[in-house]
Structures are given as C-alpha cells and as structure tokens.
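Dumped input_34.csv below, it's CSV, C-alpha atoms and all ligand atoms:
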```csv
chain,number,residue,atom,x,y,z
A,1,MET,CA,0.0,0.0,0.0
A,2,ARG,CA,1.1,3.6,-0.7
A,3,VAL,CA,0.4,6.1,2.1
A,4,LEU,CA,0.6,9.8,1.6
A,5,VAL,CA,1.3,11.8,4.8
A,6,HIS,CA,0.4,15.4,5.0
A,7,THR,CA,1.0,17.5,8.2
A,8,ASP,CA,3.3,20.4,9.2
A,9,ALA,CA,5.7,17.7,10.4
A,10,ALA,CA,5.2,15.4,7.4
A,11,GLU,CA,8.8,14.2,7.1
A,12,ALA,CA,9.0,13.1,10.8
A,13,TRP,CA,5.7,11.3,10.4
A,14,ARG,CA,6.9,9.7,7.2
A,15,LYS,CA,10.0,8.3,8.8
A,16,ALA,CA,8.2,7.1,12.0
A,17,LEU,CA,5.3,5.5,10.0
A,18,ALA,CA,7.8,3.8,7.7
A,19,GLU,CA,9.3,2.1,10.7
A,20,ARG,CA,5.9,0.9,11.9
A,21,LEU,CA,4.7,-0.2,8.5
A,22,PRO,CA,7.7,-1.7,6.7
A,23,GLU,CA,5.4,-3.3,4.2
A,24,ALA,CA,4.1,0.1,3.0
A,25,GLU,CA,5.5,2.8,0.8
A,26,ILE,CA,5.1,6.1,2.8
A,27,ILE,CA,5.4,9.4,0.9
A,28,THR,CA,4.7,13.0,1.8
A,29,SER,CA,2.8,15.6,-0.1
A,30,ALA,CA,6.2,16.9,-1.3
A,31,ALA,CA,6.6,13.7,-3.4
A,32,PRO,CA,6.3,14.1,-7.2
A,33,ALA,CA,2.7,14.4,-8.5
A,34,ALA,CA,2.8,11.0,-10.3
A,35,ALA,CA,3.6,9.3,-7.0
A,36,ARG,CA,0.9,11.3,-5.1
A,37,HIS,CA,-1.8,10.4,-7.6
A,38,ARG,CA,-1.3,6.7,-6.9
A,39,ALA,CA,-1.7,7.0,-3.1
A,40,ASP,CA,-4.0,4.3,-1.6
A,41,TYR,CA,-4.4,6.1,1.8
A,42,LEU,CA,-4.1,9.6,3.0
A,43,ALA,CA,-3.0,10.3,6.6
A,44,ALA,CA,-3.4,14.0,7.0
A,45,TRP,CA,-4.3,17.0,9.1
A,46,LYS,CA,-6.2,19.7,7.1
A,47,PRO,CA,-5.2,18.7,3.6
A,48,SER,CA,-5.9,21.4,1.0
A,49,ALA,CA,-8.7,20.9,-1.6
A,50,GLU,CA,-6.0,20.9,-4.2
A,51,LEU,CA,-4.2,17.9,-2.6
A,52,LEU,CA,-7.4,16.0,-1.9
A,53,GLY,CA,-8.6,16.6,-5.5
A,54,GLU,CA,-5.5,14.9,-6.8
A,55,LEU,CA,-6.0,11.7,-4.9
A,56,THR,CA,-8.4,9.7,-7.1
A,57,GLN,CA,-7.5,6.2,-5.9
A,58,LEU,CA,-8.0,6.6,-2.2
A,59,LYS,CA,-9.2,3.6,-0.2
A,60,GLY,CA,-9.2,5.3,3.1
A,61,ILE,CA,-8.3,8.5,5.0
A,62,VAL,CA,-6.8,8.8,8.5
A,63,ASN,CA,-7.5,12.2,10.1
A,64,LEU,CA,-4.5,13.2,12.2
A,65,GLY,CA,-6.6,14.9,14.8
A,66,ALA,CA,-9.7,14.4,16.8
A,67,GLY,CA,-11.9,16.9,15.0
A,68,VAL,CA,-13.0,16.0,11.4
A,69,ASP,CA,-14.7,19.3,10.7
A,70,ALA,CA,-11.9,20.7,8.5
A,71,LEU,CA,-11.9,17.4,6.4
A,72,LEU,CA,-15.7,17.2,6.1
A,73,ASN,CA,-15.9,20.8,5.1
A,74,ASN,CA,-13.3,20.3,2.3
A,75,PRO,CA,-15.1,20.6,-1.0
A,76,ALA,CA,-12.7,18.0,-2.6
A,77,LEU,CA,-13.4,15.3,-0.1
A,78,PRO,CA,-14.2,12.1,-2.1
A,79,ARG,CA,-17.5,10.6,-1.2
A,80,GLY,CA,-17.7,7.2,0.3
A,81,VAL,CA,-14.1,6.9,1.3
A,82,PRO,CA,-13.9,5.6,4.9
A,83,ILE,CA,-12.4,8.0,7.3
A,84,VAL,CA,-10.8,7.0,10.6
A,85,LYS,CA,-9.9,9.7,13.2
A,86,LEU,CA,-7.6,9.9,16.1
A,87,ARG,CA,-9.9,9.4,19.1
A,88,ASP,CA,-7.6,10.3,21.9
A,89,ALA,CA,-4.0,9.4,20.9
A,90,GLY,CA,-2.4,11.1,23.9
A,91,MET,CA,-4.3,14.4,23.5
A,92,ALA,CA,-6.8,13.7,26.3
A,93,GLY,CA,-4.2,14.0,29.1
A,94,PRO,CA,-3.0,17.5,28.1
A,95,ILE,CA,-6.5,18.7,27.4
A,96,ALA,CA,-7.6,17.5,30.9
A,97,ASP,CA,-4.7,19.5,32.4
A,98,TYR,CA,-5.7,22.5,30.3
A,99,VAL,CA,-9.3,22.2,31.7
A,100,ARG,CA,-8.1,21.7,35.3
A,101,TYR,CA,-6.0,24.8,35.0
A,102,GLY,CA,-9.0,26.7,33.7
A,103,VAL,CA,-11.4,25.4,36.3
A,104,MET,CA,-9.0,26.2,39.2
A,105,HIS,CA,-8.2,29.6,37.7
A,106,PHE,CA,-11.8,30.5,38.5
A,107,GLN,CA,-12.5,28.3,41.5
A,108,ARG,CA,-9.4,29.6,43.3
A,109,ASP,CA,-10.0,33.2,42.1
A,110,PHE,CA,-6.7,33.5,40.2
A,111,ASP,CA,-8.5,35.8,37.8
A,112,ARG,CA,-9.6,38.1,40.7
A,113,TYR,CA,-6.2,38.0,42.4
A,114,ARG,CA,-4.5,39.0,39.1
A,115,ARG,CA,-6.7,42.1,38.9
A,116,GLN,CA,-6.1,42.8,42.6
A,117,GLN,CA,-2.4,42.6,42.0
A,118,SER,CA,-2.6,45.2,39.2
A,119,ARG,CA,-3.9,47.6,41.9
A,120,ALA,CA,-1.4,46.4,44.6
A,121,GLU,CA,-4.4,45.2,46.6
A,122,TRP,CA,-3.8,42.6,49.3
A,123,CYS,CA,-7.1,41.0,50.1
A,124,GLU,CA,-7.9,37.4,50.7
A,125,LEU,CA,-11.2,36.4,49.2
A,126,PRO,CA,-13.5,33.8,50.7
A,127,ALA,CA,-12.5,30.4,49.3
A,128,THR,CA,-15.0,28.1,47.5
A,129,ASP,CA,-14.5,24.4,48.1
A,130,LYS,CA,-14.2,22.1,45.1
A,131,ALA,CA,-17.2,20.2,46.3
A,132,GLU,CA,-19.2,23.4,45.8
A,133,TRP,CA,-17.9,24.0,42.3
A,134,ARG,CA,-20.0,22.1,39.8
A,135,VAL,CA,-18.4,21.7,36.4
A,136,GLY,CA,-20.3,20.9,33.2
A,137,VAL,CA,-18.6,19.1,30.3
A,138,LEU,CA,-20.4,19.3,27.0
A,139,GLY,CA,-19.3,16.4,24.8
A,140,LEU,CA,-18.5,13.0,26.2
A,141,GLY,CA,-16.4,11.4,23.4
A,142,ALA,CA,-13.0,9.9,24.1
A,143,ILE,CA,-11.6,13.3,25.2
A,144,GLY,CA,-14.6,14.8,27.0
A,145,ALA,CA,-15.1,11.6,29.0
A,146,ARG,CA,-11.5,11.6,30.1
A,147,VAL,CA,-11.8,15.3,31.1
A,148,ALA,CA,-15.0,14.7,33.0
A,149,GLN,CA,-13.5,11.8,34.9
A,150,THR,CA,-10.3,13.6,35.7
A,151,LEU,CA,-12.3,16.5,37.2
A,152,ALA,CA,-14.5,14.1,39.1
A,153,ASP,CA,-11.3,12.4,40.5
A,154,ASP,CA,-10.0,15.8,41.5
A,155,GLY,CA,-13.1,16.2,43.7
A,156,PHE,CA,-15.3,18.5,41.5
A,157,PRO,CA,-18.9,17.5,41.1
A,158,VAL,CA,-19.2,16.9,37.3
A,159,HIS,CA,-22.2,17.0,35.0
A,160,GLY,CA,-21.6,15.7,31.5
A,161,TRP,CA,-23.7,16.2,28.4
A,162,SER,CA,-24.0,14.4,25.1
A,163,ARG,CA,-26.6,14.1,22.3
A,164,SER,CA,-27.3,10.4,23.1
A,165,PRO,CA,-27.4,8.9,26.6
A,166,LYS,CA,-24.0,7.9,28.1
A,167,THR,CA,-23.0,6.6,31.5
A,168,LEU,CA,-19.7,7.5,33.2
A,169,PRO,CA,-18.7,6.5,36.7
A,170,GLY,CA,-18.7,9.5,39.1
A,171,VAL,CA,-20.3,11.8,36.5
A,172,ALA,CA,-23.9,12.9,36.4
A,173,CYS,CA,-24.7,12.4,32.7
A,174,HIS,CA,-27.4,14.3,30.8
A,175,HIS,CA,-28.4,14.1,27.2
A,176,GLY,CA,-30.5,15.7,24.5
A,177,ASP,CA,-32.1,19.2,24.6
A,178,ASP,CA,-33.8,18.6,27.9
A,179,GLY,CA,-30.5,17.4,29.4
A,180,LEU,CA,-28.8,20.6,28.3
A,181,ARG,CA,-31.5,22.7,29.9
A,182,GLU,CA,-31.1,20.7,33.2
A,183,LEU,CA,-27.3,21.1,33.2
A,184,LEU,CA,-26.7,24.7,32.3
A,185,PRO,CA,-28.2,26.4,35.4
A,186,ARG,CA,-26.2,24.1,37.7
A,187,VAL,CA,-22.6,24.7,36.7
A,188,LYS,CA,-20.1,27.2,37.7
A,189,SER,CA,-17.6,26.3,34.9
A,190,LEU,CA,-18.8,25.1,31.5
A,191,VAL,CA,-16.3,23.1,29.4
A,192,LEU,CA,-16.9,22.7,25.7
A,193,LEU,CA,-15.5,19.5,24.1
A,194,LEU,CA,-18.1,19.0,21.3
A,195,PRO,CA,-17.3,18.4,17.7
A,196,ASP,CA,-18.2,21.0,15.1
A,197,THR,CA,-21.4,19.7,13.5
A,198,PRO,CA,-24.5,21.4,12.2
A,199,ALA,CA,-26.2,20.4,15.5
A,200,THR,CA,-23.5,22.0,17.7
A,201,ARG,CA,-22.8,25.2,15.8
A,202,GLN,CA,-23.3,28.2,18.2
A,203,ILE,CA,-24.8,25.9,20.8
A,204,ILE,CA,-23.5,28.4,23.2
A,205,ASP,CA,-25.7,31.4,22.2
A,206,ALA,CA,-27.4,34.1,24.2
A,207,GLU,CA,-30.0,31.7,25.4
A,208,SER,CA,-27.6,29.0,26.8
A,209,LEU,CA,-25.3,31.7,28.2
A,210,GLY,CA,-28.4,33.2,29.9
A,211,ALA,CA,-29.2,29.8,31.4
A,212,LEU,CA,-25.9,29.7,33.2
A,213,PRO,CA,-25.9,30.9,36.8
A,214,GLU,CA,-24.7,34.5,37.4
A,215,GLY,CA,-20.8,34.5,37.5
A,216,ALA,CA,-20.2,31.3,35.6
A,217,SER,CA,-17.1,30.8,33.6
A,218,LEU,CA,-16.5,29.2,30.2
A,219,ILE,CA,-13.6,27.0,29.0
A,220,ASN,CA,-13.3,26.1,25.4
A,221,PRO,CA,-10.6,23.7,24.2
A,222,GLY,CA,-13.1,22.3,21.6
A,223,ARG,CA,-14.1,24.3,18.6
A,224,GLY,CA,-14.7,28.0,18.0
A,225,SER,CA,-17.8,27.4,16.1
A,226,LEU,CA,-19.6,26.2,19.2
A,227,ILE,CA,-19.8,29.8,20.5
A,228,ASP,CA,-21.8,32.8,19.3
A,229,GLU,CA,-19.1,35.3,19.8
A,230,ALA,CA,-21.3,38.4,19.9
A,231,ALA,CA,-23.4,36.7,22.6
A,232,LEU,CA,-20.3,35.8,24.5
A,233,LEU,CA,-19.0,39.4,24.5
A,234,GLU,CA,-22.4,40.6,25.6
A,235,ALA,CA,-22.5,38.1,28.5
A,236,LEU,CA,-19.0,39.0,29.6
A,237,GLY,CA,-19.7,42.7,29.6
A,238,ASP,CA,-16.9,45.3,29.3
A,239,GLY,CA,-13.9,46.0,31.4
A,240,GLU,CA,-12.8,44.5,34.7
A,241,ALA,CA,-16.1,44.5,36.5
A,242,GLU,CA,-17.5,41.0,36.2
A,243,GLY,CA,-20.6,40.7,34.0
A,244,ARG,CA,-23.1,37.8,34.0
A,245,LEU,CA,-20.2,35.7,32.7
A,246,ARG,CA,-17.2,36.0,35.0
A,247,GLY,CA,-14.5,35.1,32.5
A,248,ALA,CA,-13.5,32.7,29.7
A,249,LEU,CA,-10.5,30.6,28.8
A,250,LEU,CA,-10.6,30.1,25.0
A,251,ASP,CA,-8.3,27.9,22.9
A,252,ALA,CA,-10.4,27.5,19.7
A,253,PHE,CA,-11.9,30.2,17.4
A,254,PRO,CA,-14.0,30.3,14.3
A,255,GLU,CA,-11.1,31.9,12.5
A,256,GLU,CA,-7.6,30.8,13.4
A,257,PRO,CA,-5.2,32.5,14.0
A,258,LEU,CA,-7.6,34.7,15.9
A,259,PRO,CA,-7.6,38.0,14.0
A,260,ALA,CA,-5.6,40.8,15.7
A,261,SER,CA,-8.8,42.9,15.5
A,262,SER,CA,-10.8,40.5,17.7
A,263,PRO,CA,-12.0,42.2,21.0
A,264,LEU,CA,-11.2,38.9,22.7
A,265,TRP,CA,-7.5,39.6,22.6
A,266,SER,CA,-7.7,42.6,24.9
A,267,HIS,CA,-10.7,41.6,27.0
A,268,PRO,CA,-9.5,41.8,30.7
A,269,ARG,CA,-11.4,38.7,31.7
A,270,VAL,CA,-10.6,36.5,28.7
A,271,LEU,CA,-7.6,34.3,28.4
A,272,VAL,CA,-6.7,33.4,24.8
A,273,THR,CA,-4.4,30.5,23.9
A,274,PRO,CA,-3.5,29.5,20.3
A,275,HIS,CA,-5.2,26.1,19.9
A,276,MET,CA,-2.6,24.5,22.0
A,277,ALA,CA,-4.7,22.6,24.5
A,278,GLY,CA,-4.3,19.2,22.9
A,279,PRO,CA,-1.1,18.7,21.0
A,280,THR,CA,-0.9,15.4,19.2
A,281,PRO,CA,2.1,13.5,20.4
A,282,LEU,CA,3.7,11.5,17.6
A,283,GLY,CA,4.2,8.2,19.5
A,284,GLU,CA,0.7,7.2,20.6
A,285,ALA,CA,-0.9,8.7,17.5
A,286,LEU,CA,1.4,6.8,15.2
A,287,ASP,CA,0.4,3.5,16.8
A,288,GLN,CA,-3.2,4.3,16.1
A,289,VAL,CA,-2.5,5.4,12.5
A,290,ALA,CA,-0.4,2.4,11.7
A,291,GLU,CA,-3.0,0.1,13.2
A,292,ALA,CA,-5.9,1.7,11.2
A,293,LEU,CA,-4.0,1.6,7.9
A,294,ARG,CA,-3.0,-2.0,8.4
A,295,ALA,CA,-6.6,-3.0,9.3
A,296,MET,CA,-8.1,-1.1,6.3
A,297,GLU,CA,-5.6,-2.7,4.0
A,298,ALA,CA,-6.4,-6.2,5.4
A,299,GLY,CA,-10.2,-5.5,5.0
A,300,GLU,CA,-10.6,-5.8,8.8
A,301,PRO,CA,-13.3,-3.8,10.5
A,302,VAL,CA,-12.2,-0.3,11.6
A,303,GLU,CA,-14.1,2.4,13.6
A,304,THR,CA,-14.9,5.0,10.9
A,305,ILE,CA,-16.6,8.3,11.4
A,306,ASP,CA,-20.1,9.0,10.3
A,307,PRO,CA,-19.9,12.0,7.9
A,308,ASP,CA,-23.6,12.8,8.5
A,309,ALA,CA,-23.2,13.1,12.2
A,310,GLY,CA,-19.9,14.9,11.8
A,311,TYR,CA,-17.8,12.8,14.2
B,1,LIG,C1,-7.4,19.4,17.2
B,1,LIG,O1,-8.0,20.4,17.3
B,1,LIG,C2,-7.9,18.1,16.9
B,1,LIG,O2,-9.1,18.1,16.4
B,1,LIG,O3,-7.2,17.1,17.0
```

Would you write out, as structure tokens, the structure that this file holds?
Ligand code: GLV
Amino acid sequence: MRVLVHTDAAEAWRKALAERLPEAEIITSAAPAAARHRADYLAAWKPSAELLGELTQLKGIVNLGAGVDALLNNPALPRGVPIVKLRDAGMAGPIADYVRYGVMHFQRDFDRYRRQQSRAEWCELPATDKAEWRVGVLGLGAIGARVAQTLADDGFPVHGWSRSPKTLPGVACHHGDDGLRELLPRVKSLVLLLPDTPATRQIIDAESLGALPEGASLINPGRGSLIDEAALLEALGDGEAEGRLRGALLDAFPEEPLPASSPLWSHPRVLVTPHMAGPTPLGEALDQVAEALRAMEAGEPVETIDPDAGY
C-alpha cells in the first residue's frame, strides 16, 4: 500500500510511520505528482482541496486529529471513502490538564487575584470548596469523557452532556435538549468539548449563556464554532467589572489564528491560547494510525466516522 502523509511535520511522520509499516510505501505531499496520484491512503491534518482533489484512488483516510470538521468541510473530499480519526491518541491528558488549569483559575480566584495585583491590593477572598464548584462538560467522546472523569477524580462535582445517553462513573450524565437545559443552570464552569457539526454550531448562544448561573465561567478547548461570539461578549460585559459571565479561557476560534482585530485579545477577563490545549504527540498517534492503515488494507473492521453526524 502507498500512504501519503500530510501535516506540518510530514517528514517526521513519514519516517516514523515507515518504521511501523515496513510493508508500506510512505510518501509525503512533497513527493512528485505522479507518486501522489497513486496513493491508496491519506494520513493528513487539514489537507488542501487541491491535494485531496489529486487523490483519485484513495481507499481510506486517517485524520491526524480528533476533529474531522476541516476534512468534512473540504469541497474536494471524495464521497464514500472511509475516514478514521484519532480518538484520543495522547491528547486527552494534556486537554484534561488545560481544563483543570481553567477550572482552578476561576475556582481559586486567580482571575480576581490577578486584577487585585494590578492595583497592589492585598485582600484574601472567601474560598470556595471544590465540592461546591459544579463543572459541566459538553461532549463525552473519548476526550470529553476523560476530562469529565479527571475533574471528578479531582473532587469536583461533574455534570456531563452528550446528544445520546451515556454513563460514566462518578459523572452525572445528561443528554438531549432537555438534558442541556437541566445542566446549564447548575454549573459554575462550563467546558466545551463537542465536535463541530451542524447540530453543535453556536450551541453556546445568548439563550444558553443566559441559562448559566450568574458569575459562571467558560472554558473552550473544543471548537470556536460552538460559541456565538457576539453573545459571549455581551454576557462578559466590558472592562474589569464582572458581567453575567465572570470570564473565559478560550483555545479555539471560528477563524484561526484569531484575527488581531478581535476584541477577545484585549478583554480583561478572557484568556486566549493559540489552539494548544491538545497537542498530538507522535508516539501514541502513530500506533493508532499504523493500526488503522493495516486494518483497512487487510479489510478488517475499523471504527470509521459518520460523515452525516460529523464525528
Ligand atoms: C485538534 O483540534 C484536533 O481536532 O485534533
């Protein structure tokens, strides 16, 4: 089988994949066009429409990330070609740490202490116990489930939400539209780990932000499209004085890089990070990629994504 690898670090992936799949020919998108055209499999993160359009003999695609939105929105995506995605591949641990940082940032008042420091103000604020700090996690896929359980193990009461019913030890699970309505008013920090699909786009709008309790905080290591940005800015309010929404830690944006003109950059109660919450470490991801390619080539069952559902 011939596998075409396309990522920012394609050469490192090519070498490492060749070691794991000695029976395969692994090339990168820098290979000559004639070689690219004959690729059987594509292992890629955000391939261009131009590249996808060239690959007319594809038998399968491995998405080198958890979110398949960029691939599914690519106009040149061939129909009917099975797509396998990385389901966790070492990303869930770093994302769980990112979320713990965010939850504790608000629960332990680091945001308020930072503002006090700027005024040289020494004032201990009343502490809120973890047991009083309910966290909501929207999205209970491989990553969301791990995040929810990590927070529960840390001692936070955790409410999880997914479209279809799920059960997770130590997590109060909700589902469907009614489940979301039950969850939102209960949580002090809301974490977004949903995929970008037509059903989740702008799920965090004025109505859902209005359903959160006064002073709630938002943590988004998921997708920018989940949030209606105008509604977010409205709920945050201006300046240092806390609005309905106390603050937000945001890692994903509808347009990345976040444009310099975005008011989020300079908002005093917003922390912006550059889509760094879940780096994909080569090692674990490579094992999953090699396994998926080998299984597809052998005609063995593989867990593929459902393009209609979007994940
Ligand atoms: C990163 O955002 C991913 O989807 O893996």

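The shortest atom-to-atom distance to ligand LIG 1 (chain B), with all atoms listed in the file taken into account, belongs to A:Gly65 out of A:Pro94, A:Pro47, A:Pro157, A:Gly65.
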
Within 12 Å of ligand LIG 1 (chain B), which residues show up when you count all atoms listed in the file? List them as a ChimeraX atom specification, please.
-> /A:44-46,62-71,85-92,94-95,142-143,193-196,220-224,251-254,256,274-281,285,311

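CA of Gly237 in chain A lies 28.0 Å from CA of Asp178 in chain A.
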
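Using only C-alpha atoms for every distance, the candidate list A:Arg181, A:Pro301, A:Gly215, A:Ala145 yields A:Ala145 as the residue closest to Pro169 in chain A.
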
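Between Arg79 in chain A and the candidates A:Gly170, A:Ile61, A:Ile27, A:Gly247, the tightest atom-to-atom separation, counting all atoms listed in the file, involves A:Ile61.
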
Out of A:Phe106, A:Ala96, A:Val187, A:Leu264, which residue has the shortest atom-to-atom distance to Gly144 in chain A when counting only C-alpha atoms?
-> A:Ala96

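Residues with any atom within 9 Å of Leu232 in chain A, counting only C-alpha atoms and excluding same-chain neighbours fewer than 2 positions away, are A:Ile204, A:Asp205, A:Ala206, A:Leu209, A:Ile227, A:Asp228, A:Glu229, A:Ala230, A:Glu234, A:Ala235, A:Leu236, A:Gly237, A:Leu245.
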
Can you list, as a PDB file with C-alpha atoms, keeping the file's coordinate frame, every protein, DNA or RNA residue that comes within 12 Å of Ala31 in chain A when you count only C-alpha atoms, leaving out same-chain residues fewer than 4 positions away?
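Everything below was put into part07.pdb:
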```
ATOM      1  CA  ARG A   2       1.100   3.600  -0.700  1.00  0.00           C
ATOM      2  CA  VAL A   3       0.400   6.100   2.100  1.00  0.00           C
ATOM      3  CA  LEU A   4       0.600   9.800   1.600  1.00  0.00           C
ATOM      4  CA  VAL A   5       1.300  11.800   4.800  1.00  0.00           C
ATOM      5  CA  HIS A   6       0.400  15.400   5.000  1.00  0.00           C
ATOM      6  CA  ALA A  10       5.200  15.400   7.400  1.00  0.00           C
ATOM      7  CA  GLU A  11       8.800  14.200   7.100  1.00  0.00           C
ATOM      8  CA  ARG A  14       6.900   9.700   7.200  1.00  0.00           C
ATOM      9  CA  GLU A  25       5.500   2.800   0.800  1.00  0.00           C
ATOM     10  CA  ILE A  26       5.100   6.100   2.800  1.00  0.00           C
ATOM     11  CA  ILE A  27       5.400   9.400   0.900  1.00  0.00           C
ATOM     12  CA  ALA A  35       3.600   9.300  -7.000  1.00  0.00           C
ATOM     13  CA  ARG A  36       0.900  11.300  -5.100  1.00  0.00           C
ATOM     14  CA  HIS A  37      -1.800  10.400  -7.600  1.00  0.00           C
ATOM     15  CA  ARG A  38      -1.300   6.700  -6.900  1.00  0.00           C
ATOM     16  CA  ALA A  39      -1.700   7.000  -3.100  1.00  0.00           C
ATOM     17  CA  LEU A  51      -4.200  17.900  -2.600  1.00  0.00           C
TER      18      LEU A  51
END
```

Which residues, written as number ranges by chain, have at least one atom at most 7 Å from Ala211 in chain A, with only C-alpha atoms counted and residues fewer than 4 positions away on the same chain left out?
-> A: 184-185, 207

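CA of Gly136 in chain A is found 10.7 Å from CA of Ala152 in chain A.
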
Residues within 12 Å of Glu23 in chain A, please, as a PDB file with C-alpha atoms, in the frame of the given file. Count all atoms listed in the file; anything in the same chain fewer than 6 positions from it doesn't count.
```pdb
ATOM      1  CA  MET A   1       0.000   0.000   0.000  1.00  0.00           C
ATOM      2  CA  ARG A   2       1.100   3.600  -0.700  1.00  0.00           C
ATOM      3  CA  VAL A   3       0.400   6.100   2.100  1.00  0.00           C
ATOM      4  CA  LEU A  17       5.300   5.500  10.000  1.00  0.00           C
ATOM      5  CA  ALA A 290      -0.400   2.400  11.700  1.00  0.00           C
ATOM      6  CA  LEU A 293      -4.000   1.600   7.900  1.00  0.00           C
ATOM      7  CA  ARG A 294      -3.000  -2.000   8.400  1.00  0.00           C
ATOM      8  CA  GLU A 297      -5.600  -2.700   4.000  1.00  0.00           C
TER       9      GLU A 297
END
```

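Take the candidates A:Asn73, A:Glu214, A:Gln149, A:Val158 and check each one against Gly310 in chain A using only C-alpha atoms; the shortest distance goes to A:Asn73.
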
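Distances here use only C-alpha atoms; by that measure, the residue among A:Glu242, A:Glu50, A:Glu291, A:Glu132 closest to Arg112 in chain A is A:Glu242.
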